[in-house]
file run01.cif (mmCIF, C-alpha atoms)
data_protein
#
loop_
_atom_site.group_PDB
_atom_site.id
_atom_site.type_symbol
_atom_site.label_atom_id
_atom_site.label_comp_id
_atom_site.auth_asym_id
_atom_site.auth_seq_id
_atom_site.Cartn_x
_atom_site.Cartn_y
_atom_site.Cartn_z
ATOM 1 C CA MET B 558 17.868 11.086 -16.294
ATOM 2 C CA ALA B 559 14.205 11.092 -15.277
ATOM 3 C CA ALA B 560 13.415 12.062 -11.680
ATOM 4 C CA PHE B 561 11.427 9.480 -9.696
ATOM 5 C CA PHE B 562 10.068 10.650 -6.344
ATOM 6 C CA PHE B 563 9.775 8.051 -3.585
ATOM 7 C CA HIS B 564 9.700 8.063 0.212
ATOM 8 C CA GLU B 565 9.801 5.117 2.595
ATOM 9 C CA GLY B 566 6.752 6.645 4.250
ATOM 10 C CA TYR B 567 4.680 5.799 1.159
ATOM 11 C CA VAL B 568 4.146 2.388 2.769
ATOM 12 C CA ALA B 569 1.948 2.653 5.865
ATOM 13 C CA PRO B 570 0.832 -0.316 7.990
ATOM 14 C CA LEU B 571 -2.687 -1.611 7.418
ATOM 15 C CA PRO B 572 -4.510 -4.421 9.252
ATOM 16 C CA ALA B 573 -3.427 -7.931 8.256
ATOM 17 C CA GLY B 574 -5.290 -9.211 5.239
ATOM 18 C CA HIS B 575 -6.485 -5.769 4.122
ATOM 19 C CA SER B 576 -7.546 -5.655 0.464
ATOM 20 C CA PHE B 577 -5.471 -2.586 -0.433
ATOM 21 C CA PRO B 578 -1.989 -3.681 -1.634
ATOM 22 C CA MET B 579 -0.019 -1.045 0.287
ATOM 23 C CA SER B 580 3.300 -2.852 -0.211
ATOM 24 C CA LYS B 581 3.057 -2.296 -3.977
ATOM 25 C CA TYR B 582 4.787 1.068 -3.537
ATOM 26 C CA GLN B 583 7.882 -0.688 -2.228
ATOM 27 C CA THR B 584 7.813 -3.426 -4.870
ATOM 28 C CA THR B 585 7.410 -0.768 -7.571
ATOM 29 C CA ARG B 586 10.366 1.109 -6.169
ATOM 30 C CA ASP B 587 12.417 -2.102 -6.070
ATOM 31 C CA ALA B 588 11.604 -2.890 -9.703
ATOM 32 C CA LEU B 589 12.459 0.643 -10.789
ATOM 33 C CA GLN B 590 15.745 0.570 -8.897
ATOM 34 C CA GLU B 591 16.795 -2.712 -10.453
ATOM 35 C CA ALA B 592 15.975 -1.209 -13.849
ATOM 36 C CA GLY B 593 18.428 1.616 -13.163
ATOM 37 C CA ALA B 594 16.214 4.374 -11.741
ATOM 38 C CA SER B 595 17.313 6.647 -8.911
ATOM 39 C CA PHE B 596 15.067 8.435 -6.450
ATOM 40 C CA VAL B 597 14.440 11.758 -4.739
ATOM 41 C CA ALA B 598 12.566 11.907 -1.426
ATOM 42 C CA PRO B 599 9.757 14.488 -1.419
ATOM 43 C CA ASP B 600 8.731 16.723 1.463
ATOM 44 C CA GLN B 601 5.304 16.569 3.046
ATOM 45 C CA ALA B 602 2.676 18.771 1.443
ATOM 46 C CA GLN B 603 1.901 21.828 3.550
ATOM 47 C CA ARG B 604 -1.541 22.733 4.841
ATOM 48 C CA ALA B 605 -1.806 25.874 2.701
ATOM 49 C CA LEU B 606 -1.276 23.853 -0.471
ATOM 50 C CA LEU B 607 -3.881 21.255 0.531
ATOM 51 C CA LEU B 608 -6.495 23.975 1.002
ATOM 52 C CA GLY B 609 -6.440 24.572 -2.742
ATOM 53 C CA ALA B 610 -8.515 21.417 -3.220
ATOM 54 C CA HIS B 611 -9.808 20.366 0.213
ATOM 55 C CA SER B 612 -11.847 22.004 2.959
ATOM 56 C CA ALA B 613 -10.033 23.280 6.041
ATOM 57 C CA GLN B 614 -12.116 20.979 8.261
ATOM 58 C CA TYR B 615 -11.109 17.877 6.353
ATOM 59 C CA VAL B 616 -7.447 18.901 6.007
ATOM 60 C CA ASP B 617 -7.198 19.488 9.758
ATOM 61 C CA ALA B 618 -8.858 16.133 10.451
ATOM 62 C CA VAL B 619 -6.233 14.384 8.291
ATOM 63 C CA LEU B 620 -3.357 16.350 9.825
ATOM 64 C CA SER B 621 -4.483 15.308 13.301
ATOM 65 C CA ALA B 622 -5.376 11.748 12.199
ATOM 66 C CA CYS B 623 -8.904 12.304 13.551
ATOM 67 C CA VAL B 624 -11.008 11.643 10.472
ATOM 68 C CA ASP B 625 -14.709 10.942 10.939
ATOM 69 C CA PRO B 626 -15.325 7.155 10.963
ATOM 70 C CA ALA B 627 -17.977 7.544 8.257
ATOM 71 C CA ILE B 628 -15.362 9.095 5.960
ATOM 72 C CA GLU B 629 -12.866 6.394 6.900
ATOM 73 C CA ARG B 630 -15.401 3.785 5.802
ATOM 74 C CA ARG B 631 -15.662 5.520 2.427
ATOM 75 C CA ILE B 632 -11.866 5.569 2.184
ATOM 76 C CA GLY B 633 -11.597 1.891 3.038
ATOM 77 C CA PHE B 634 -9.155 2.123 5.948
ATOM 78 C CA ALA B 635 -8.515 4.183 9.062
ATOM 79 C CA VAL B 636 -6.494 7.380 8.778
ATOM 80 C CA THR B 637 -3.853 6.544 11.370
ATOM 81 C CA PRO B 638 -0.858 8.858 11.940
ATOM 82 C CA ALA B 639 1.160 6.685 9.513
ATOM 83 C CA VAL B 640 -1.580 6.855 6.862
ATOM 84 C CA ALA B 641 -1.876 10.627 7.362
ATOM 85 C CA LEU B 642 1.891 11.005 6.898
ATOM 86 C CA ARG B 643 1.772 8.769 3.834
ATOM 87 C CA SER B 644 -0.970 10.934 2.340
ATOM 88 C CA LEU B 645 0.977 14.165 2.938
ATOM 89 C CA LEU B 646 4.097 12.638 1.400
ATOM 90 C CA SER B 647 2.170 11.336 -1.598
ATOM 91 C CA VAL B 648 0.795 14.807 -2.339
ATOM 92 C CA GLY B 649 4.280 16.197 -1.777
ATOM 93 C CA GLY B 650 5.660 13.731 -4.316
ATOM 94 C CA THR B 651 3.228 14.821 -7.022
ATOM 95 C CA TRP B 652 3.867 18.496 -6.269
ATOM 96 C CA ALA B 653 7.631 17.925 -6.438
ATOM 97 C CA ALA B 654 7.289 15.942 -9.674
ATOM 98 C CA ALA B 655 5.379 18.835 -11.241
ATOM 99 C CA GLN B 656 8.082 21.311 -10.251
ATOM 100 C CA ALA B 657 10.769 19.011 -11.628
ATOM 101 C CA ALA B 658 8.909 18.395 -14.893
ATOM 102 C CA LEU B 659 8.495 22.106 -15.540
ATOM 103 C CA LEU B 660 12.286 22.351 -15.430
ATOM 104 C CA ALA B 661 13.327 19.063 -17.053
ATOM 105 C CA GLY B 662 10.364 17.885 -19.132
ATOM 106 C CA PHE B 663 9.321 14.786 -17.171
ATOM 107 C CA ALA B 664 9.168 13.419 -13.636
ATOM 108 C CA ALA B 665 7.225 10.676 -11.864
ATOM 109 C CA ASN B 666 5.789 10.089 -8.417
ATOM 110 C CA VAL B 667 6.031 6.453 -7.311
ATOM 111 C CA ALA B 668 2.692 6.976 -5.530
ATOM 112 C CA GLY B 669 -0.200 9.364 -6.040
ATOM 113 C CA GLY B 670 -3.043 9.360 -8.501
ATOM 114 C CA SER B 671 -5.506 9.434 -5.582
ATOM 115 C CA HIS B 672 -8.337 10.571 -7.794
ATOM 116 C CA HIS B 673 -11.369 9.590 -5.677
ATOM 117 C CA ALA B 674 -10.666 11.978 -2.783
ATOM 118 C CA MET B 675 -13.269 14.768 -2.645
ATOM 119 C CA PRO B 676 -13.026 18.301 -1.226
ATOM 120 C CA ASP B 677 -14.500 17.293 2.131
ATOM 121 C CA GLY B 678 -13.477 13.648 2.446
ATOM 122 C CA GLY B 679 -11.630 10.717 0.995
ATOM 123 C CA ALA B 680 -13.038 7.680 -0.804
ATOM 124 C CA GLY B 681 -11.951 4.558 -2.639
ATOM 125 C CA TYR B 682 -8.558 4.129 -0.898
ATOM 126 C CA CYS B 683 -7.776 7.823 -1.544
ATOM 127 C CA VAL B 684 -7.255 10.203 1.400
ATOM 128 C CA LEU B 685 -5.993 13.407 -0.266
ATOM 129 C CA ASN B 686 -6.281 14.188 -3.968
ATOM 130 C CA ASP B 687 -2.686 14.856 -5.039
ATOM 131 C CA LEU B 688 -3.709 15.515 -8.650
ATOM 132 C CA ALA B 689 -6.224 18.202 -7.727
ATOM 133 C CA VAL B 690 -4.028 19.758 -5.038
ATOM 134 C CA THR B 691 -1.092 20.016 -7.425
ATOM 135 C CA ALA B 692 -3.139 21.349 -10.335
ATOM 136 C CA ALA B 693 -4.819 23.938 -8.103
ATOM 137 C CA GLY B 694 -1.489 25.018 -6.628
ATOM 138 C CA LEU B 695 0.146 25.388 -10.024
ATOM 139 C CA LEU B 696 -2.741 27.513 -11.286
ATOM 140 C CA ASP B 697 -3.134 29.619 -8.144
ATOM 141 C CA GLN B 698 0.594 30.323 -7.902
ATOM 142 C CA ARG B 699 0.733 31.156 -11.625
ATOM 143 C CA HIS B 700 3.302 28.495 -12.477
ATOM 144 C CA VAL B 701 1.078 27.623 -15.433
ATOM 145 C CA GLN B 702 -2.233 28.779 -16.851
ATOM 146 C CA ARG B 703 -3.437 25.508 -18.385
ATOM 147 C CA VAL B 704 -3.193 21.983 -16.996
ATOM 148 C CA LEU B 705 -4.391 18.802 -18.698
ATOM 149 C CA ILE B 706 -5.044 15.776 -16.485
ATOM 150 C CA ILE B 707 -5.112 12.479 -18.386
ATOM 151 C CA ASP B 708 -6.638 9.841 -16.113
ATOM 152 C CA LEU B 709 -5.997 6.318 -17.417
ATOM 153 C CA ASP B 710 -7.214 4.427 -14.350
ATOM 154 C CA VAL B 711 -9.956 1.838 -14.847
ATOM 155 C CA HIS B 712 -12.108 3.897 -12.441
ATOM 156 C CA GLN B 713 -13.377 7.382 -13.231
ATOM 157 C CA GLY B 714 -11.437 10.289 -11.702
ATOM 158 C CA ASP B 715 -14.526 11.596 -9.951
ATOM 159 C CA GLY B 716 -12.825 13.332 -7.041
ATOM 160 C CA THR B 717 -10.423 15.192 -9.302
ATOM 161 C CA ALA B 718 -13.303 16.533 -11.394
ATOM 162 C CA VAL B 719 -15.199 17.708 -8.301
ATOM 163 C CA CYS B 720 -12.162 19.219 -6.548
ATOM 164 C CA LEU B 721 -11.241 21.213 -9.653
ATOM 165 C CA ALA B 722 -14.767 22.276 -10.632
ATOM 166 C CA GLY B 723 -14.014 25.851 -9.584
ATOM 167 C CA ARG B 724 -10.910 25.905 -11.760
ATOM 168 C CA ARG B 725 -12.428 24.123 -14.732
ATOM 169 C CA PHE B 726 -10.809 25.004 -18.055
ATOM 170 C CA ASP B 727 -12.700 27.914 -19.635
ATOM 171 C CA GLY B 728 -11.034 27.930 -23.017
ATOM 172 C CA GLU B 729 -8.126 30.082 -21.900
ATOM 173 C CA ARG B 730 -7.151 29.045 -18.394
ATOM 174 C CA GLY B 731 -7.755 26.305 -15.863
ATOM 175 C CA ALA B 732 -7.623 22.546 -15.412
ATOM 176 C CA PHE B 733 -9.016 20.191 -18.048
ATOM 177 C CA THR B 734 -9.892 16.765 -16.619
ATOM 178 C CA PHE B 735 -10.005 13.804 -19.010
ATOM 179 C CA SER B 736 -10.975 10.339 -17.772
ATOM 180 C CA ILE B 737 -11.052 7.139 -19.839
ATOM 181 C CA HIS B 738 -12.427 4.330 -17.687
ATOM 182 C CA CYS B 739 -14.728 1.318 -17.434
ATOM 183 C CA GLU B 740 -18.222 2.794 -17.457
ATOM 184 C CA LYS B 741 -19.853 0.185 -15.195
ATOM 185 C CA ASN B 742 -17.059 0.081 -12.625
ATOM 186 C CA PHE B 743 -16.670 2.151 -9.436
ATOM 187 C CA PRO B 744 -17.839 4.809 -8.759
ATOM 188 C CA THR B 745 -21.444 3.918 -9.452
ATOM 189 C CA ARG B 746 -22.448 7.573 -9.492
ATOM 190 C CA LYS B 747 -20.069 9.348 -11.867
ATOM 191 C CA ALA B 748 -18.948 12.963 -11.610
ATOM 192 C CA GLN B 749 -18.623 15.199 -14.678
ATOM 193 C CA SER B 750 -15.072 15.575 -15.949
ATOM 194 C CA CYS B 751 -14.370 18.023 -18.745
ATOM 195 C CA ARG B 752 -14.261 14.942 -20.974
ATOM 196 C CA ASP B 753 -15.332 11.441 -19.953
ATOM 197 C CA VAL B 754 -14.993 8.295 -22.051
ATOM 198 C CA GLY B 755 -16.676 5.257 -20.543
ATOM 199 C CA LEU B 756 -15.688 1.904 -22.027
ATOM 200 C CA ALA B 757 -17.665 -1.347 -22.034
ATOM 201 C CA ASP B 758 -16.662 -4.262 -19.824
ATOM 202 C CA GLY B 759 -14.065 -6.463 -21.478
ATOM 203 C CA THR B 760 -12.626 -3.802 -23.782
ATOM 204 C CA GLY B 761 -9.189 -5.015 -24.874
ATOM 205 C CA ASP B 762 -6.058 -3.570 -26.405
ATOM 206 C CA ASP B 763 -7.376 -2.741 -29.865
ATOM 207 C CA GLY B 764 -10.578 -1.085 -28.721
ATOM 208 C CA TYR B 765 -8.902 0.868 -25.933
ATOM 209 C CA LEU B 766 -6.002 2.120 -28.036
ATOM 210 C CA ASP B 767 -8.291 3.069 -30.887
ATOM 211 C CA VAL B 768 -10.399 5.270 -28.595
ATOM 212 C CA LEU B 769 -7.422 6.821 -26.802
ATOM 213 C CA GLY B 770 -5.664 7.489 -30.104
ATOM 214 C CA ARG B 771 -8.719 9.372 -31.366
ATOM 215 C CA GLU B 772 -9.097 11.400 -28.162
ATOM 216 C CA LEU B 773 -5.573 12.656 -27.505
ATOM 217 C CA PRO B 774 -5.029 14.983 -30.492
ATOM 218 C CA GLY B 775 -8.230 16.893 -29.800
ATOM 219 C CA LEU B 776 -7.367 17.305 -26.133
ATOM 220 C CA PHE B 777 -3.988 18.848 -26.889
ATOM 221 C CA ASP B 778 -5.430 21.086 -29.615
ATOM 222 C CA ALA B 779 -8.248 22.358 -27.407
ATOM 223 C CA VAL B 780 -6.392 22.821 -24.130
ATOM 224 C CA ARG B 781 -2.890 23.813 -25.307
ATOM 225 C CA PRO B 782 -1.593 22.604 -21.932
ATOM 226 C CA GLU B 783 1.512 23.930 -20.238
ATOM 227 C CA LEU B 784 1.710 20.790 -18.096
ATOM 228 C CA VAL B 785 0.154 17.343 -18.451
ATOM 229 C CA MET B 786 -0.504 15.185 -15.394
ATOM 230 C CA VAL B 787 -0.954 11.471 -16.110
ATOM 231 C CA GLN B 788 -2.761 9.150 -13.725
ATOM 232 C CA ALA B 789 -1.151 5.921 -14.961
ATOM 233 C CA GLY B 790 -3.248 3.295 -13.189
ATOM 234 C CA VAL B 791 -2.524 -0.248 -14.358
ATOM 235 C CA ASP B 792 -5.898 -1.607 -13.263
ATOM 236 C CA PRO B 793 -7.224 -1.719 -16.876
ATOM 237 C CA HIS B 794 -5.087 -4.896 -17.124
ATOM 238 C CA GLY B 795 -7.116 -8.038 -17.745
ATOM 239 C CA ASP B 796 -5.718 -9.743 -14.634
ATOM 240 C CA ASP B 797 -6.552 -6.905 -12.244
ATOM 241 C CA ARG B 798 -9.034 -8.035 -9.601
ATOM 242 C CA LEU B 799 -10.836 -4.655 -9.438
ATOM 243 C CA GLY B 800 -10.771 -3.869 -13.151
ATOM 244 C CA ARG B 801 -13.260 -4.978 -15.771
ATOM 245 C CA LEU B 802 -11.257 -4.188 -18.880
ATOM 246 C CA ALA B 803 -8.890 -6.585 -20.665
ATOM 247 C CA LEU B 804 -5.655 -4.839 -21.573
ATOM 248 C CA SER B 805 -2.542 -6.990 -21.862
ATOM 249 C CA ASP B 806 0.978 -6.120 -20.742
ATOM 250 C CA ALA B 807 1.742 -5.005 -24.295
ATOM 251 C CA GLY B 808 -1.479 -2.984 -24.358
ATOM 252 C CA LEU B 809 -0.497 -1.034 -21.264
ATOM 253 C CA VAL B 810 2.934 -0.331 -22.741
ATOM 254 C CA ALA B 811 1.322 0.873 -25.973
ATOM 255 C CA ARG B 812 -1.082 3.067 -23.988
ATOM 256 C CA ASP B 813 1.707 4.756 -22.050
ATOM 257 C CA ALA B 814 3.904 5.126 -25.127
ATOM 258 C CA MET B 815 0.995 6.792 -26.937
ATOM 259 C CA VAL B 816 0.533 9.333 -24.150
ATOM 260 C CA ARG B 817 4.258 10.039 -23.980
ATOM 261 C CA ALA B 818 4.409 10.553 -27.750
ATOM 262 C CA ALA B 819 1.488 12.994 -27.616
ATOM 263 C CA CYS B 820 3.210 15.053 -24.905
ATOM 264 C CA LEU B 821 6.511 15.079 -26.782
ATOM 265 C CA GLU B 822 4.856 16.019 -30.069
ATOM 266 C CA ALA B 823 3.130 18.946 -28.355
ATOM 267 C CA GLY B 824 6.352 19.943 -26.600
ATOM 268 C CA VAL B 825 4.641 19.863 -23.190
ATOM 269 C CA PRO B 826 6.271 18.814 -19.892
ATOM 270 C CA PHE B 827 4.442 16.007 -18.133
ATOM 271 C CA ILE B 828 4.386 13.967 -14.963
ATOM 272 C CA ALA B 829 3.227 10.448 -14.123
ATOM 273 C CA THR B 830 1.540 9.270 -10.945
ATOM 274 C CA LEU B 831 1.073 5.627 -9.998
ATOM 275 C CA GLY B 832 -2.700 5.238 -9.770
ATOM 276 C CA GLY B 833 -4.611 2.010 -9.231
ATOM 277 C CA GLY B 834 -3.499 -1.586 -9.485
ATOM 278 C CA TYR B 835 -4.859 -4.523 -7.494
ATOM 279 C CA ASP B 836 -3.101 -7.744 -8.422
ATOM 280 C CA ALA B 837 -2.885 -10.161 -5.489
ATOM 281 C CA ASP B 838 0.777 -10.772 -6.368
ATOM 282 C CA VAL B 839 2.344 -7.487 -5.203
ATOM 283 C CA VAL B 840 5.722 -8.271 -6.773
ATOM 284 C CA ARG B 841 4.095 -8.752 -10.165
ATOM 285 C CA LEU B 842 1.974 -5.656 -9.525
ATOM 286 C CA GLY B 843 5.064 -3.604 -8.688
ATOM 287 C CA GLN B 844 6.695 -4.768 -11.905
ATOM 288 C CA ARG B 845 3.592 -3.747 -13.864
ATOM 289 C CA HIS B 846 3.585 -0.279 -12.298
ATOM 290 C CA ALA B 847 7.332 0.067 -12.864
ATOM 291 C CA THR B 848 6.986 -0.825 -16.536
ATOM 292 C CA SER B 849 4.278 1.837 -16.887
ATOM 293 C CA LEU B 850 6.417 4.567 -15.313
ATOM 294 C CA LEU B 851 9.480 3.509 -17.287
ATOM 295 C CA THR B 852 7.533 3.630 -20.535
ATOM 296 C CA LEU B 853 6.236 7.112 -19.763
ATOM 297 C CA ALA B 854 9.767 8.175 -18.850
ATOM 298 C CA GLY B 855 11.015 7.067 -22.257
ATOM 299 C CA PHE B 856 12.758 3.835 -21.391
ATOM 300 C CA THR B 857 12.474 0.907 -23.778
ATOM 301 C CA VAL B 858 11.393 -2.242 -21.964
ATOM 302 C CA PRO B 859 12.075 -5.397 -24.009
ATOM 303 C CA ALA B 860 8.874 -7.064 -25.210
ATOM 304 C CA ASP B 861 9.803 -10.337 -23.506
ATOM 305 C CA ASN B 862 10.414 -8.582 -20.184
ATOM 306 C CA ARG B 863 7.550 -6.113 -19.849
ATOM 307 C CA GLU B 864 6.123 -7.815 -16.785
ATOM 308 C CA ASN B 865 9.564 -8.029 -15.234
ATOM 309 C CA PRO B 866 11.762 -5.018 -15.952
ATOM 310 C CA VAL B 867 14.119 -6.066 -13.192
ATOM 311 C CA GLY B 868 17.603 -6.467 -14.594
ATOM 312 C CA SER B 869 16.369 -5.882 -18.127
ATOM 313 C CA GLY B 870 18.913 -3.211 -18.923
ATOM 314 C CA VAL B 871 16.328 -0.700 -20.076
ATOM 315 C CA ALA B 872 17.613 2.261 -22.029
ATOM 316 C CA GLN B 873 16.135 5.741 -22.243
ATOM 317 C CA SER B 874 15.019 6.879 -25.665
#
call {"tool": "encode", "arguments": {"input": "run01.cif", "output": "structure tokens"}}
result
Amino acid sequence: MAAFFFHEGYVAPLPAGHSFPMSKYQTTRDALQEAGASFVAPDQAQRALLLGAHSAQYVDAVLSACVDPAIERRIGFAVTPAVALRSLLSVGGTWAAAQAALLAGFAANVAGGSHHAMPDGGAGYCVLNDLAVTAAGLLDQRHVQRVLIIDLDVHQGDGTAVCLAGRRFDGERGAFTFSIHCEKNFPTRKAQSCRDVGLADGTGDDGYLDVLGRELPGLFDAVRPELVMVQAGVDPHGDDRLGRLALSDAGLVARDAMVRAACLEAGVPFIATLGGGYDADVVRLGQRHATSLLTLAGFTVPADNRENPVGSGVAQS
């Protein structure tokens, strides 16, 4: 049975009417539970681990919930004690998922994918970069020598690329960052991943899947990863209010199934993190995220129930 990491602290209070759908973590958890998933609560990430990707000054500011207001504006909300705790738990969930996947083949964090956070500050609703922290920790502690990060969010994984620049894959060891995203979407100023694929506005299922299908084999051949980390944002969906692509429900399922198949074919353990998703209907958004994680975990979600896996009797393949 796949391990899903979730903590009640993933949901932190934000001001009324805030644009970030914080409650989606709970609605995703609810949809996963009704589909038969069970959960493990992660521990908070420790300071020493965070220093693998972030500066000591910024880490200490987050730990004390005293982040510079200018950085908070770039994040999009204040780093209150509850938000700081949420960020530490989210990183802890991705770290725990990686440890579990190395033993069992797959695990998922029902949060995480905070790919805009930079070494010295957060941005774009991301406080701490769980992907970069986990990849750096795995490499520094010699759990693995090669990590492949597959970022499927509609926005480029700029922070992950910057945080891991010093551990960039050199042909033998390091982290390889791959981002497939909407080229004209946020961030305006892109970073340099190891491999970036920017798609035109309005790209739909066929175009997206064709590009991803061409990219994946080369990534696995070149990197020979010992762990794959998937940022499974659902904001490429055509109904997402911050996306500019046009994937359907079936397109997202096909995307995630394609990535899972590539990992299985290569015999590589992998993890999934939640990533972006900004539907105004947080119940529908939670169902969309849940379907993504279930697909990556190897569950079959009926075609007529992909937007609502609740009670669908999914089975693991």
call {"tool": "closest_residue", "arguments": {"input": "run01.cif", "among": "B:Cys739, B:Cys623, B:Ala823, B:Val754", "to": "Gly800 of chain B", "atoms": "all atoms listed in the file"}}
result
B:Cys739
call {"tool": "residues_around", "arguments": {"input": "run01.cif", "residues": "Gly759 of chain B", "least_positions_apart": "3", "cutoff": "6 Å", "atoms": "all atoms listed in the file", "output": "PyMOL selection string"}}
result
chain B and resi 801-803
call {"tool": "axis_aligned_box", "arguments": {"input": "run01.cif", "around": "segment 661-676 of chain B", "padding_each_side": "8 Å", "output": "AutoDock Vina command-line options"}}
result
--center_x 0.0 --center_y 12.8 --center_z -10.2 --size_x 42.6 --size_y 28.6 --size_z 33.9
call {"tool": "closest_atom_pairs", "arguments": {"input": "run01.cif", "of": "segment 578-612 of chain B", "to": "segment 635-645 of chain B", "cutoff": "12 Å", "atoms": "only C-alpha atoms", "output": "JSON lines"}}
result
{"residue": "B:Met579", "atom": "CA", "partner": "B:Val640", "partner_atom": "CA", "distance": 10.4}
{"residue": "B:Tyr582", "atom": "CA", "partner": "B:Arg643", "partner_atom": "CA", "distance": 11.1}
{"residue": "B:Pro599", "atom": "CA", "partner": "B:Leu645", "partner_atom": "CA", "distance": 9.8}
{"residue": "B:Asp600", "atom": "CA", "partner": "B:Leu645", "partner_atom": "CA", "distance": 8.3}
{"residue": "B:Gln601", "atom": "CA", "partner": "B:Leu645", "partner_atom": "CA", "distance": 5.0}
{"residue": "B:Ala602", "atom": "CA", "partner": "B:Leu645", "partner_atom": "CA", "distance": 5.1}
{"residue": "B:Gln603", "atom": "CA", "partner": "B:Leu645", "partner_atom": "CA", "distance": 7.7}
{"residue": "B:Arg604", "atom": "CA", "partner": "B:Leu645", "partner_atom": "CA", "distance": 9.1}
{"residue": "B:Leu606", "atom": "CA", "partner": "B:Leu645", "partner_atom": "CA", "distance": 10.5}
{"residue": "B:Leu607", "atom": "CA", "partner": "B:Leu645", "partner_atom": "CA", "distance": 8.9}
call {"tool": "residues_near_point", "arguments": {"input": "run01.cif", "point": "(15.6, 9.0, -9.0)", "cutoff": "6 Å", "atoms": "only C-alpha atoms", "output": "VMD selection string"}}
result
chain B and resid 560 to 561 594 to 597
call {"tool": "atom_distance", "arguments": {"input": "run01.cif", "atom1": "atom CA of Pro793 of chain B", "atom2": "atom CA of Leu769 of chain B"}}
result
13.1 Å
call {"tool": "atom_distance", "arguments": {"input": "run01.cif", "atom1": "atom CA of Arg699 of chain B", "atom2": "atom CA of Phe827 of chain B"}}
result
16.9 Å
call {"tool": "closest_atom_pairs", "arguments": {"input": "run01.cif", "of": "segment 810-839 of chain B", "to": "segment 652-664 of chain B", "cutoff": "7 Å", "atoms": "only C-alpha atoms", "output": "Markdown table"}}
result
| residue | atom | partner | partner_atom | distance |
| --- | --- | --- | --- | --- |
| B:Pro826 | CA | B:Gly662 | CA | 4.3 |
| B:Phe827 | CA | B:Phe663 | CA | 5.1 |
| B:Ile828 | CA | B:Ala664 | CA | 5.0 |
| B:Ala829 | CA | B:Ala664 | CA | 6.7 |
call {"tool": "closest_residue", "arguments": {"input": "run01.cif", "among": "B:Leu842, B:Ala748, B:Ala598, B:Ala622", "to": "Asp796 of chain B", "atoms": "all atoms listed in the file"}}
result
B:Leu842
call {"tool": "atom_distance", "arguments": {"input": "run01.cif", "atom1": "atom CA of Leu851 of chain B", "atom2": "atom CA of Ala718 of chain B"}}
result
26.9 Å
call {"tool": "build_atoms", "arguments": {"input": "run01.cif", "residues": "segment 798-810 of chain B", "atoms": "N, CA and C atoms", "output": "PDB file, in the frame of the given file"}}
result
ATOM      1  N   ARG B 798      -7.854  -7.505 -10.275  1.00  0.00           N
ATOM      2  CA  ARG B 798      -9.034  -8.035  -9.601  1.00  0.00           C
ATOM      3  C   ARG B 798     -10.119  -6.983  -9.384  1.00  0.00           C
ATOM      4  N   LEU B 799      -9.813  -5.689  -9.556  1.00  0.00           N
ATOM      5  CA  LEU B 799     -10.836  -4.655  -9.438  1.00  0.00           C
ATOM      6  C   LEU B 799     -11.139  -3.976 -10.768  1.00  0.00           C
ATOM      7  N   GLY B 800     -10.490  -4.420 -11.828  1.00  0.00           N
ATOM      8  CA  GLY B 800     -10.771  -3.869 -13.151  1.00  0.00           C
ATOM      9  C   GLY B 800     -11.834  -4.695 -13.839  1.00  0.00           C
ATOM     10  N   ARG B 801     -12.317  -4.204 -14.957  1.00  0.00           N
ATOM     11  CA  ARG B 801     -13.260  -4.978 -15.771  1.00  0.00           C
ATOM     12  C   ARG B 801     -12.942  -4.794 -17.252  1.00  0.00           C
ATOM     13  N   LEU B 802     -11.735  -4.285 -17.514  1.00  0.00           N
ATOM     14  CA  LEU B 802     -11.257  -4.188 -18.880  1.00  0.00           C
ATOM     15  C   LEU B 802     -10.286  -5.334 -19.126  1.00  0.00           C
ATOM     16  N   ALA B 803      -9.670  -5.395 -20.305  1.00  0.00           N
ATOM     17  CA  ALA B 803      -8.890  -6.585 -20.665  1.00  0.00           C
ATOM     18  C   ALA B 803      -7.598  -6.235 -21.394  1.00  0.00           C
ATOM     19  N   LEU B 804      -6.926  -5.169 -20.941  1.00  0.00           N
ATOM     20  CA  LEU B 804      -5.655  -4.839 -21.573  1.00  0.00           C
ATOM     21  C   LEU B 804      -4.590  -5.863 -21.191  1.00  0.00           C
ATOM     22  N   SER B 805      -3.677  -6.113 -22.107  1.00  0.00           N
ATOM     23  CA  SER B 805      -2.542  -6.990 -21.862  1.00  0.00           C
ATOM     24  C   SER B 805      -1.347  -6.160 -21.401  1.00  0.00           C
ATOM     25  N   ASP B 806      -0.260  -6.837 -21.069  1.00  0.00           N
ATOM     26  CA  ASP B 806       0.978  -6.120 -20.742  1.00  0.00           C
ATOM     27  C   ASP B 806       1.395  -5.221 -21.898  1.00  0.00           C
ATOM     28  N   ALA B 807       1.361  -5.781 -23.112  1.00  0.00           N
ATOM     29  CA  ALA B 807       1.742  -5.005 -24.295  1.00  0.00           C
ATOM     30  C   ALA B 807       0.771  -3.852 -24.518  1.00  0.00           C
ATOM     31  N   GLY B 808      -0.501  -4.050 -24.203  1.00  0.00           N
ATOM     32  CA  GLY B 808      -1.479  -2.984 -24.358  1.00  0.00           C
ATOM     33  C   GLY B 808      -1.211  -1.812 -23.438  1.00  0.00           C
ATOM     34  N   LEU B 809      -0.834  -2.104 -22.190  1.00  0.00           N
ATOM     35  CA  LEU B 809      -0.497  -1.034 -21.264  1.00  0.00           C
ATOM     36  C   LEU B 809       0.739  -0.270 -21.736  1.00  0.00           C
ATOM     37  N   VAL B 810       1.740  -0.989 -22.218  1.00  0.00           N
ATOM     38  CA  VAL B 810       2.934  -0.331 -22.741  1.00  0.00           C
ATOM     39  C   VAL B 810       2.567   0.573 -23.912  1.00  0.00           C
TER      40      VAL B 810
END
